[in-house]
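S.K.: Coordinates in final-v9.cif, mmCIF, C-alpha atoms, are listed below.
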```cif
data_coords
#
loop_
_atom_site.label_atom_id
_atom_site.label_comp_id
_atom_site.auth_asym_id
_atom_site.auth_seq_id
_atom_site.Cartn_x
_atom_site.Cartn_y
_atom_site.Cartn_z
CA MET A 26 -23.21 82.61 -50.72
CA HIS A 27 -21.03 85.69 -50.97
CA ARG A 28 -19.89 86.86 -54.40
CA SER A 29 -17.04 89.15 -53.46
CA VAL A 30 -13.62 87.58 -53.47
CA THR A 31 -10.30 88.90 -52.36
CA ARG A 32 -8.13 88.59 -55.44
CA SER A 33 -5.00 86.55 -54.98
CA SER A 34 -2.53 84.97 -57.34
CA TYR A 35 -5.04 82.13 -57.61
CA ALA A 36 -8.25 84.09 -58.32
CA ARG A 37 -8.53 85.52 -61.84
CA LEU A 38 -11.08 87.22 -64.01
CA VAL A 39 -11.46 85.12 -67.18
CA ALA A 40 -14.09 85.99 -69.80
CA GLY A 41 -16.00 88.15 -67.30
CA GLU A 42 -16.16 85.32 -64.74
CA GLU A 43 -14.07 84.96 -61.61
CA THR A 44 -12.08 81.75 -61.63
CA LEU A 45 -9.62 79.88 -59.46
CA HIS A 46 -6.37 79.30 -61.34
CA VAL A 47 -5.17 75.77 -60.64
CA ARG A 48 -2.56 75.26 -63.35
CA ARG A 49 -1.92 76.21 -66.94
CA GLY A 50 -4.96 75.14 -68.88
CA LEU A 51 -7.27 74.75 -65.87
CA ASP A 52 -9.27 77.58 -64.35
CA VAL A 53 -12.20 76.55 -62.16
CA PRO A 54 -15.11 79.03 -62.04
CA LEU A 55 -15.72 80.26 -58.49
CA ALA A 56 -19.41 79.51 -59.07
CA GLU A 57 -18.48 75.80 -58.91
CA ILE A 58 -16.76 76.22 -55.55
CA SER A 59 -18.99 76.39 -52.51
CA TRP A 60 -17.79 77.80 -49.24
CA ARG A 61 -18.99 78.31 -45.72
CA ALA A 62 -17.75 80.19 -42.70
CA THR A 63 -17.78 78.80 -39.16
CA THR A 64 -16.39 79.77 -35.80
CA PRO A 65 -12.79 78.68 -35.37
CA GLY A 66 -12.17 75.90 -32.87
CA GLY A 67 -10.08 76.12 -29.74
CA PRO A 68 -9.70 78.85 -27.14
CA GLY A 69 -10.02 82.50 -27.99
CA GLY A 70 -12.63 84.19 -25.86
CA GLN A 71 -15.41 86.38 -27.12
CA HIS A 72 -13.94 87.18 -30.53
CA ALA A 73 -13.37 83.54 -31.53
CA ASN A 74 -16.74 82.47 -30.14
CA ARG A 75 -18.69 85.07 -32.11
CA THR A 76 -16.96 85.64 -35.43
CA LEU A 77 -17.28 83.33 -38.40
CA SER A 78 -13.65 83.55 -39.50
CA ARG A 79 -12.82 79.90 -40.29
CA VAL A 80 -13.51 79.20 -43.97
CA GLU A 81 -14.04 75.84 -45.65
CA VAL A 82 -14.21 75.62 -49.45
CA GLN A 83 -15.40 72.58 -51.32
CA PHE A 84 -15.24 71.57 -54.97
CA ASP A 85 -17.49 68.95 -56.53
CA VAL A 86 -15.29 67.02 -58.95
CA GLU A 87 -18.12 64.96 -60.43
CA GLY A 88 -20.34 67.96 -61.21
CA SER A 89 -17.67 70.27 -62.58
CA THR A 90 -17.85 71.59 -66.13
CA ALA A 91 -14.30 72.95 -66.02
CA LEU A 92 -12.64 69.53 -65.95
CA GLY A 93 -11.95 67.32 -68.93
CA PRO A 94 -12.79 63.61 -68.77
CA ARG A 95 -9.22 62.50 -68.02
CA GLN A 96 -8.76 65.23 -65.39
CA ARG A 97 -12.05 64.24 -63.76
CA ALA A 98 -11.10 60.54 -63.73
CA ARG A 99 -7.69 61.26 -62.23
CA LEU A 100 -9.10 63.53 -59.49
CA LEU A 101 -11.86 61.05 -58.64
CA GLU A 102 -9.28 58.29 -58.32
CA ARG A 103 -6.82 60.29 -56.22
CA LEU A 104 -8.93 62.76 -54.22
CA GLY A 105 -12.50 61.47 -54.36
CA PRO A 106 -15.76 63.07 -55.51
CA VAL A 107 -15.48 66.18 -53.31
CA VAL A 108 -12.28 68.08 -52.51
CA ARG A 109 -12.22 70.25 -49.38
CA ALA A 110 -9.77 72.78 -47.98
CA SER A 111 -10.06 75.04 -44.96
CA ALA A 112 -8.22 77.87 -43.25
CA ALA A 113 -8.52 79.41 -39.81
CA GLU A 114 -5.13 81.11 -39.34
CA SER A 115 -6.25 84.68 -39.73
CA ARG A 116 -8.87 86.66 -37.81
CA SER A 117 -10.11 87.92 -41.16
CA GLN A 118 -12.69 85.85 -43.02
CA ALA A 119 -11.54 87.31 -46.35
CA ARG A 120 -7.92 86.30 -45.72
CA ASN A 121 -8.96 82.81 -44.62
CA ARG A 122 -11.05 82.44 -47.76
CA GLN A 123 -8.06 83.41 -49.86
CA LEU A 124 -5.88 80.87 -48.00
CA ALA A 125 -8.50 78.14 -48.39
CA LEU A 126 -8.77 78.80 -52.14
CA GLU A 127 -4.99 78.62 -52.47
CA ARG A 128 -4.95 75.30 -50.59
CA LEU A 129 -7.72 73.95 -52.78
CA ALA A 130 -5.80 74.93 -55.93
CA THR A 131 -2.67 73.25 -54.52
CA LYS A 132 -4.59 70.04 -53.77
CA LEU A 133 -6.14 69.96 -57.23
CA ASP A 134 -2.78 70.61 -58.88
CA ALA A 135 -1.13 67.83 -56.86
CA GLY A 136 -3.98 65.47 -57.74
CA LEU A 137 -3.54 66.16 -61.46
CA ARG A 138 0.25 65.92 -61.50
CA ASP A 139 1.82 62.97 -63.31
CA GLN A 140 3.79 60.75 -60.99
CA THR A 141 6.77 59.32 -62.79
CA PRO A 142 7.44 55.73 -61.73
CA ARG A 143 10.74 55.03 -60.00
CA ARG A 144 13.26 53.21 -62.16
CA ALA A 145 15.20 50.56 -60.29
CA THR A 146 18.95 51.01 -60.63
CA ARG A 147 21.78 48.65 -59.82
CA PRO A 148 24.22 49.54 -57.05
CA THR A 149 27.63 50.63 -58.32
CA LYS A 150 30.62 48.34 -57.96
CA SER A 151 32.31 50.74 -55.51
CA SER A 152 29.18 50.94 -53.31
CA GLN A 153 29.04 47.12 -53.21
CA LEU A 154 32.72 46.97 -52.21
CA ARG A 155 32.16 49.67 -49.53
CA ARG A 156 29.21 47.73 -48.10
CA VAL A 157 31.20 44.48 -47.86
CA GLU A 158 34.21 46.27 -46.35
CA ASP A 159 32.02 48.01 -43.73
CA LYS A 160 30.39 44.67 -42.93
CA ARG A 161 33.79 43.00 -42.49
CA ARG A 162 35.06 45.84 -40.26
CA ARG A 163 31.90 45.72 -38.11
CA ALA A 164 32.20 41.93 -37.67
CA GLN A 165 35.84 42.31 -36.64
CA THR A 166 34.89 44.98 -34.04
CA LYS A 167 32.23 42.69 -32.58
CA ARG A 168 34.63 39.75 -32.53
CA ALA A 169 37.14 41.85 -30.58
CA ARG A 170 34.48 42.70 -27.94
CA ARG A 171 33.62 39.07 -27.18
CA SER A 172 35.01 37.47 -24.06
CA PRO A 173 37.78 35.00 -24.84
CA ARG A 174 36.83 31.34 -25.13
CA PRO A 175 38.65 28.68 -23.14
CA ASP A 176 39.99 27.04 -26.33
CA ASP A 177 41.39 30.40 -27.58
CA ASP A 178 45.10 30.63 -26.64
#
```
Please express the file's structure as structure tokens.

M.R.:
Amino acid sequence: MHRSVTRSSYARLVAGEETLHVRRGLDVPLAEISWRATTPGGPGGQHANRTLSRVEVQFDVEGSTALGPRQRARLLERLGPVVRASAAESRSQARNRQLALERLATKLDAGLRDQTPRRATRPTKSSQLRRVEDKRRRAQTKRARRSPRPDDD
């Protein structure tokens, strides 16, 4: 496992240890994040077949010391025991690692975010009147399109 990291807005140095900044109050040590490089899929010729530029990072939620009990429970419920992110856009392994770390931080942040429940609201009086008026107008248009009946004079 490589120790050097390209610093981004997500990677920080906290108390002498490199961490991944997820949100305020949560920095995951990079030692808890494992990563591996593979060849990118798809066409690309000799360069794509030989270089290990695609990067996949993975974070073990159950084994993490950076998470609190409620954070761990929420992530396990929403994302599962292991969270993965990958990147293969760039030809540079370092850039792809940075992108993968950013995606991992985004996933973790989204998994920890509170989802406010939707409050049901009543339709306004004017919207109810508009709906009924549109319905009446549509019925009248359809009635006008019908072929005349023999009893209609």

S.K.: The PyMOL selection byres ((chain A and resi 65) around 6) on the file shown: which residues, as a list in words?

M.R.: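 With the PyMOL selection byres ((chain A and resi 65) around 6) on this model, the match is Thr64, Gly66 and Arg79 of chain A.
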
S.K.: Residues within 12 Å of A:Asp134, please, as a list in words. Count all atoms listed in the file; anything in the same chain fewer than 2 positions from it doesn't count.

M.R.: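 Close residues of A:Asp134: Tyr35, Leu45, His46, Val47, Arg48, Arg49, Gly50, Leu51, Asp52, Val53, Gln96, Arg99, Leu100, Arg103, Leu104, Val108, Glu127, Arg128, Leu129, Ala130, Thr131, Lys132, Gly136, Leu137, Arg138 and Asp139 of chain A.
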
S.K.: Output C-alpha atoms for every residue in that selection, as an mmCIF file, in the coordinates of the input.

M.R.:
```
data_model
loop_
_atom_site.group_PDB
_atom_site.id
_atom_site.type_symbol
_atom_site.label_atom_id
_atom_site.label_comp_id
_atom_site.auth_asym_id
_atom_site.auth_seq_id
_atom_site.Cartn_x
_atom_site.Cartn_y
_atom_site.Cartn_z
ATOM 1 C CA TYR A 35 -5.040 82.130 -57.610
ATOM 2 C CA LEU A 45 -9.620 79.880 -59.460
ATOM 3 C CA HIS A 46 -6.370 79.300 -61.340
ATOM 4 C CA VAL A 47 -5.170 75.770 -60.640
ATOM 5 C CA ARG A 48 -2.560 75.260 -63.350
ATOM 6 C CA ARG A 49 -1.920 76.210 -66.940
ATOM 7 C CA GLY A 50 -4.960 75.140 -68.880
ATOM 8 C CA LEU A 51 -7.270 74.750 -65.870
ATOM 9 C CA ASP A 52 -9.270 77.580 -64.350
ATOM 10 C CA VAL A 53 -12.200 76.550 -62.160
ATOM 11 C CA GLN A 96 -8.760 65.230 -65.390
ATOM 12 C CA ARG A 99 -7.690 61.260 -62.230
ATOM 13 C CA LEU A 100 -9.100 63.530 -59.490
ATOM 14 C CA ARG A 103 -6.820 60.290 -56.220
ATOM 15 C CA LEU A 104 -8.930 62.760 -54.220
ATOM 16 C CA VAL A 108 -12.280 68.080 -52.510
ATOM 17 C CA GLU A 127 -4.990 78.620 -52.470
ATOM 18 C CA ARG A 128 -4.950 75.300 -50.590
ATOM 19 C CA LEU A 129 -7.720 73.950 -52.780
ATOM 20 C CA ALA A 130 -5.800 74.930 -55.930
ATOM 21 C CA THR A 131 -2.670 73.250 -54.520
ATOM 22 C CA LYS A 132 -4.590 70.040 -53.770
ATOM 23 C CA GLY A 136 -3.980 65.470 -57.740
ATOM 24 C CA LEU A 137 -3.540 66.160 -61.460
ATOM 25 C CA ARG A 138 0.250 65.920 -61.500
ATOM 26 C CA ASP A 139 1.820 62.970 -63.310
#
```

S.K.: What does the structure give for the distance between atom CA of A:Thr146 and atom CA of A:Lys160, in Å to one decimal?

M.R.: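 So the two atoms, atom CA of A:Thr146 and atom CA of A:Lys160, lie 22.0 Å apart.
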
S.K.: Can you tell me, as a list in words, what residues are no more than 6 Å from A:Leu55 when counting only C-alpha atoms, ignoring any on the same chain fewer than 2 positions away?

M.R.: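 Near neighbours after the sequence-gap exclusion: Glu43, Thr44, Glu57 and Ile58 of chain A.
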
S.K.: Atoms to include: C-alpha atoms. Write the selected residues as a PDB file, keeping the file's coordinate frame.

M.R.:
```
ATOM      1  CA  GLU A  43     -14.070  84.960 -61.610  1.00  0.00           C
ATOM      2  CA  THR A  44     -12.080  81.750 -61.630  1.00  0.00           C
ATOM      3  CA  GLU A  57     -18.480  75.800 -58.910  1.00  0.00           C
ATOM      4  CA  ILE A  58     -16.760  76.220 -55.550  1.00  0.00           C
TER       5      ILE A  58
END
```

S.K.: Please check which residues have atoms at most 8 Å from (-15.5, 72.0, -54.7) in the file's coordinates, counting all atoms listed in the file, and write them as a ChimeraX atom specification.

M.R.: /A:57-59,82-86,107-109

S.K.: Closest to A:Arg120 among A:Arg163, A:Ser89, A:Ala62, A:Glu158, using only C-alpha atoms?

M.R.: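 Once distances to A:Arg120 are computed over only C-alpha atoms, the minimum belongs to A:Ala62.
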
S.K.: Report, in Å to a single decimal, how far apart atom CA of A:Ala91 and atom CA of A:Pro106 are.

M.R.: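 These atoms are spaced 14.5 Å apart.
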
S.K.: Compare A:Trp60, A:Glu102, A:Val80, A:Arg75 by their minimum atom-to-atom distance to A:Ala119, counting only C-alpha atoms, and give me the closest one.

M.R.: A:Val80

S.K.: Using all atoms listed in the file, can you tell me which of A:Ala169, A:Arg156, A:Glu81, A:Thr141 comes closest to A:Leu126?

M.R.: A:Glu81

S.K.: At what distance in Å, to one decimal, does atom CA of A:Gln140 lie from atom CA of A:Gly105?

M.R.: 17.6 Å

S.K.: A:Lys167, A:Arg61, A:Leu77, A:Pro54: which is nearest A:Gln118, counting only C-alpha atoms?

M.R.: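 Using only C-alpha atoms, the shortest distance to A:Gln118 belongs to A:Leu77.
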
S.K.: Around stretch 167-171 of chain A, fit a box with edges along x, y and z, padding it by 8 Å on each side, then list its centre and edge lengths in Å to one decimal as lines of an AutoDock Vina configuration file.

M.R.:
```
center_x = 34.7
center_y = 40.9
center_z = -29.9
size_x = 20.9
size_y = 19.6
size_z = 21.4
```

S.K.: Complete stretch 92-103 of chain A with all heavy atoms (output as a PDB file, keeping the file's coordinate frame).

M.R.:
```
ATOM      1  N   LEU A  92     -13.578  70.633 -65.816  1.00  0.00           N
ATOM      2  CA  LEU A  92     -12.640  69.530 -65.950  1.00  0.00           C
ATOM      3  C   LEU A  92     -12.905  68.717 -67.207  1.00  0.00           C
ATOM      4  O   LEU A  92     -14.060  68.502 -67.597  1.00  0.00           O
ATOM      5  CB  LEU A  92     -12.741  68.586 -64.747  1.00  0.00           C
ATOM      6  CG  LEU A  92     -12.405  69.169 -63.384  1.00  0.00           C
ATOM      7  CD1 LEU A  92     -12.752  68.181 -62.293  1.00  0.00           C
ATOM      8  CD2 LEU A  92     -10.942  69.546 -63.307  1.00  0.00           C
ATOM      9  N   GLY A  93     -11.832  68.242 -67.804  1.00  0.00           N
ATOM     10  CA  GLY A  93     -11.950  67.320 -68.930  1.00  0.00           C
ATOM     11  C   GLY A  93     -12.174  65.907 -68.383  1.00  0.00           C
ATOM     12  O   GLY A  93     -12.010  65.665 -67.188  1.00  0.00           O
ATOM     13  N   PRO A  94     -12.514  64.969 -69.243  1.00  0.00           N
ATOM     14  CA  PRO A  94     -12.790  63.610 -68.770  1.00  0.00           C
ATOM     15  C   PRO A  94     -11.601  62.927 -68.095  1.00  0.00           C
ATOM     16  O   PRO A  94     -11.755  62.253 -67.080  1.00  0.00           O
ATOM     17  CB  PRO A  94     -13.215  62.849 -70.028  1.00  0.00           C
ATOM     18  CG  PRO A  94     -12.953  63.743 -71.173  1.00  0.00           C
ATOM     19  CD  PRO A  94     -12.747  65.123 -70.665  1.00  0.00           C
ATOM     20  N   ARG A  95     -10.402  63.130 -68.646  1.00  0.00           N
ATOM     21  CA  ARG A  95      -9.220  62.500 -68.020  1.00  0.00           C
ATOM     22  C   ARG A  95      -8.883  63.179 -66.696  1.00  0.00           C
ATOM     23  O   ARG A  95      -8.500  62.510 -65.735  1.00  0.00           O
ATOM     24  CB  ARG A  95      -8.024  62.553 -68.967  1.00  0.00           C
ATOM     25  CG  ARG A  95      -8.150  61.545 -70.101  1.00  0.00           C
ATOM     26  CD  ARG A  95      -6.875  61.400 -70.846  1.00  0.00           C
ATOM     27  NE  ARG A  95      -6.435  62.680 -71.391  1.00  0.00           N
ATOM     28  CZ  ARG A  95      -5.649  62.811 -72.436  1.00  0.00           C
ATOM     29  NH1 ARG A  95      -5.207  61.757 -73.058  1.00  0.00           N
ATOM     30  NH2 ARG A  95      -5.294  63.996 -72.865  1.00  0.00           N
ATOM     31  N   GLN A  96      -9.010  64.514 -66.647  1.00  0.00           N
ATOM     32  CA  GLN A  96      -8.760  65.230 -65.390  1.00  0.00           C
ATOM     33  C   GLN A  96      -9.744  64.779 -64.322  1.00  0.00           C
ATOM     34  O   GLN A  96      -9.369  64.521 -63.181  1.00  0.00           O
ATOM     35  CB  GLN A  96      -8.886  66.740 -65.600  1.00  0.00           C
ATOM     36  CG  GLN A  96      -7.785  67.348 -66.428  1.00  0.00           C
ATOM     37  CD  GLN A  96      -8.029  68.817 -66.712  1.00  0.00           C
ATOM     38  OE1 GLN A  96      -9.168  69.255 -66.859  1.00  0.00           O
ATOM     39  NE2 GLN A  96      -6.955  69.585 -66.796  1.00  0.00           N
ATOM     40  N   ARG A  97     -11.017  64.665 -64.697  1.00  0.00           N
ATOM     41  CA  ARG A  97     -12.050  64.240 -63.760  1.00  0.00           C
ATOM     42  C   ARG A  97     -11.750  62.834 -63.232  1.00  0.00           C
ATOM     43  O   ARG A  97     -11.802  62.575 -62.035  1.00  0.00           O
ATOM     44  CB  ARG A  97     -13.431  64.278 -64.412  1.00  0.00           C
ATOM     45  CG  ARG A  97     -14.551  63.885 -63.483  1.00  0.00           C
ATOM     46  CD  ARG A  97     -15.921  64.013 -64.105  1.00  0.00           C
ATOM     47  NE  ARG A  97     -16.284  65.412 -64.280  1.00  0.00           N
ATOM     48  CZ  ARG A  97     -16.318  66.046 -65.432  1.00  0.00           C
ATOM     49  NH1 ARG A  97     -16.059  65.411 -66.551  1.00  0.00           N
ATOM     50  NH2 ARG A  97     -16.639  67.319 -65.494  1.00  0.00           N
ATOM     51  N   ALA A  98     -11.393  61.924 -64.124  1.00  0.00           N
ATOM     52  CA  ALA A  98     -11.100  60.540 -63.730  1.00  0.00           C
ATOM     53  C   ALA A  98      -9.913  60.490 -62.777  1.00  0.00           C
ATOM     54  O   ALA A  98      -9.941  59.768 -61.763  1.00  0.00           O
ATOM     55  CB  ALA A  98     -10.831  59.689 -64.963  1.00  0.00           C
ATOM     56  N   ARG A  99      -8.875  61.258 -63.083  1.00  0.00           N
ATOM     57  CA  ARG A  99      -7.690  61.260 -62.230  1.00  0.00           C
ATOM     58  C   ARG A  99      -7.995  61.826 -60.842  1.00  0.00           C
ATOM     59  O   ARG A  99      -7.574  61.287 -59.829  1.00  0.00           O
ATOM     60  CB  ARG A  99      -6.572  62.054 -62.895  1.00  0.00           C
ATOM     61  CG  ARG A  99      -5.287  62.040 -62.076  1.00  0.00           C
ATOM     62  CD  ARG A  99      -4.167  62.675 -62.815  1.00  0.00           C
ATOM     63  NE  ARG A  99      -3.657  61.710 -63.777  1.00  0.00           N
ATOM     64  CZ  ARG A  99      -2.707  61.981 -64.648  1.00  0.00           C
ATOM     65  NH1 ARG A  99      -2.170  63.171 -64.700  1.00  0.00           N
ATOM     66  NH2 ARG A  99      -2.275  61.058 -65.482  1.00  0.00           N
ATOM     67  N   LEU A 100      -8.752  62.937 -60.783  1.00  0.00           N
ATOM     68  CA  LEU A 100      -9.100  63.530 -59.490  1.00  0.00           C
ATOM     69  C   LEU A 100     -10.019  62.622 -58.687  1.00  0.00           C
ATOM     70  O   LEU A 100      -9.879  62.514 -57.466  1.00  0.00           O
ATOM     71  CB  LEU A 100      -9.738  64.904 -59.684  1.00  0.00           C
ATOM     72  CG  LEU A 100      -8.791  66.031 -60.083  1.00  0.00           C
ATOM     73  CD1 LEU A 100      -9.567  67.313 -60.335  1.00  0.00           C
ATOM     74  CD2 LEU A 100      -7.728  66.252 -59.036  1.00  0.00           C
ATOM     75  N   LEU A 101     -10.975  61.977 -59.351  1.00  0.00           N
ATOM     76  CA  LEU A 101     -11.860  61.050 -58.640  1.00  0.00           C
ATOM     77  C   LEU A 101     -11.072  59.904 -58.048  1.00  0.00           C
ATOM     78  O   LEU A 101     -11.329  59.467 -56.915  1.00  0.00           O
ATOM     79  CB  LEU A 101     -12.946  60.512 -59.585  1.00  0.00           C
ATOM     80  CG  LEU A 101     -14.072  61.473 -59.917  1.00  0.00           C
ATOM     81  CD1 LEU A 101     -14.948  60.911 -61.022  1.00  0.00           C
ATOM     82  CD2 LEU A 101     -14.904  61.777 -58.683  1.00  0.00           C
ATOM     83  N   GLU A 102     -10.095  59.400 -58.796  1.00  0.00           N
ATOM     84  CA  GLU A 102      -9.280  58.290 -58.320  1.00  0.00           C
ATOM     85  C   GLU A 102      -8.395  58.692 -57.142  1.00  0.00           C
ATOM     86  O   GLU A 102      -8.272  57.976 -56.168  1.00  0.00           O
ATOM     87  CB  GLU A 102      -8.402  57.774 -59.466  1.00  0.00           C
ATOM     88  CG  GLU A 102      -7.466  56.654 -59.080  1.00  0.00           C
ATOM     89  CD  GLU A 102      -6.484  56.341 -60.199  1.00  0.00           C
ATOM     90  OE1 GLU A 102      -6.864  56.457 -61.383  1.00  0.00           O
ATOM     91  OE2 GLU A 102      -5.339  55.994 -59.871  1.00  0.00           O
ATOM     92  N   ARG A 103      -7.800  59.878 -57.232  1.00  0.00           N
ATOM     93  CA  ARG A 103      -6.820  60.290 -56.220  1.00  0.00           C
ATOM     94  C   ARG A 103      -7.407  61.053 -55.038  1.00  0.00           C
ATOM     95  O   ARG A 103      -6.915  60.925 -53.920  1.00  0.00           O
ATOM     96  CB  ARG A 103      -5.736  61.147 -56.876  1.00  0.00           C
ATOM     97  CG  ARG A 103      -4.901  60.359 -57.847  1.00  0.00           C
ATOM     98  CD  ARG A 103      -3.814  61.206 -58.420  1.00  0.00           C
ATOM     99  NE  ARG A 103      -3.015  60.434 -59.369  1.00  0.00           N
ATOM    100  CZ  ARG A 103      -2.077  60.947 -60.126  1.00  0.00           C
ATOM    101  NH1 ARG A 103      -1.813  62.229 -60.058  1.00  0.00           N
ATOM    102  NH2 ARG A 103      -1.413  60.195 -60.950  1.00  0.00           N
TER     103      ARG A 103
END
```
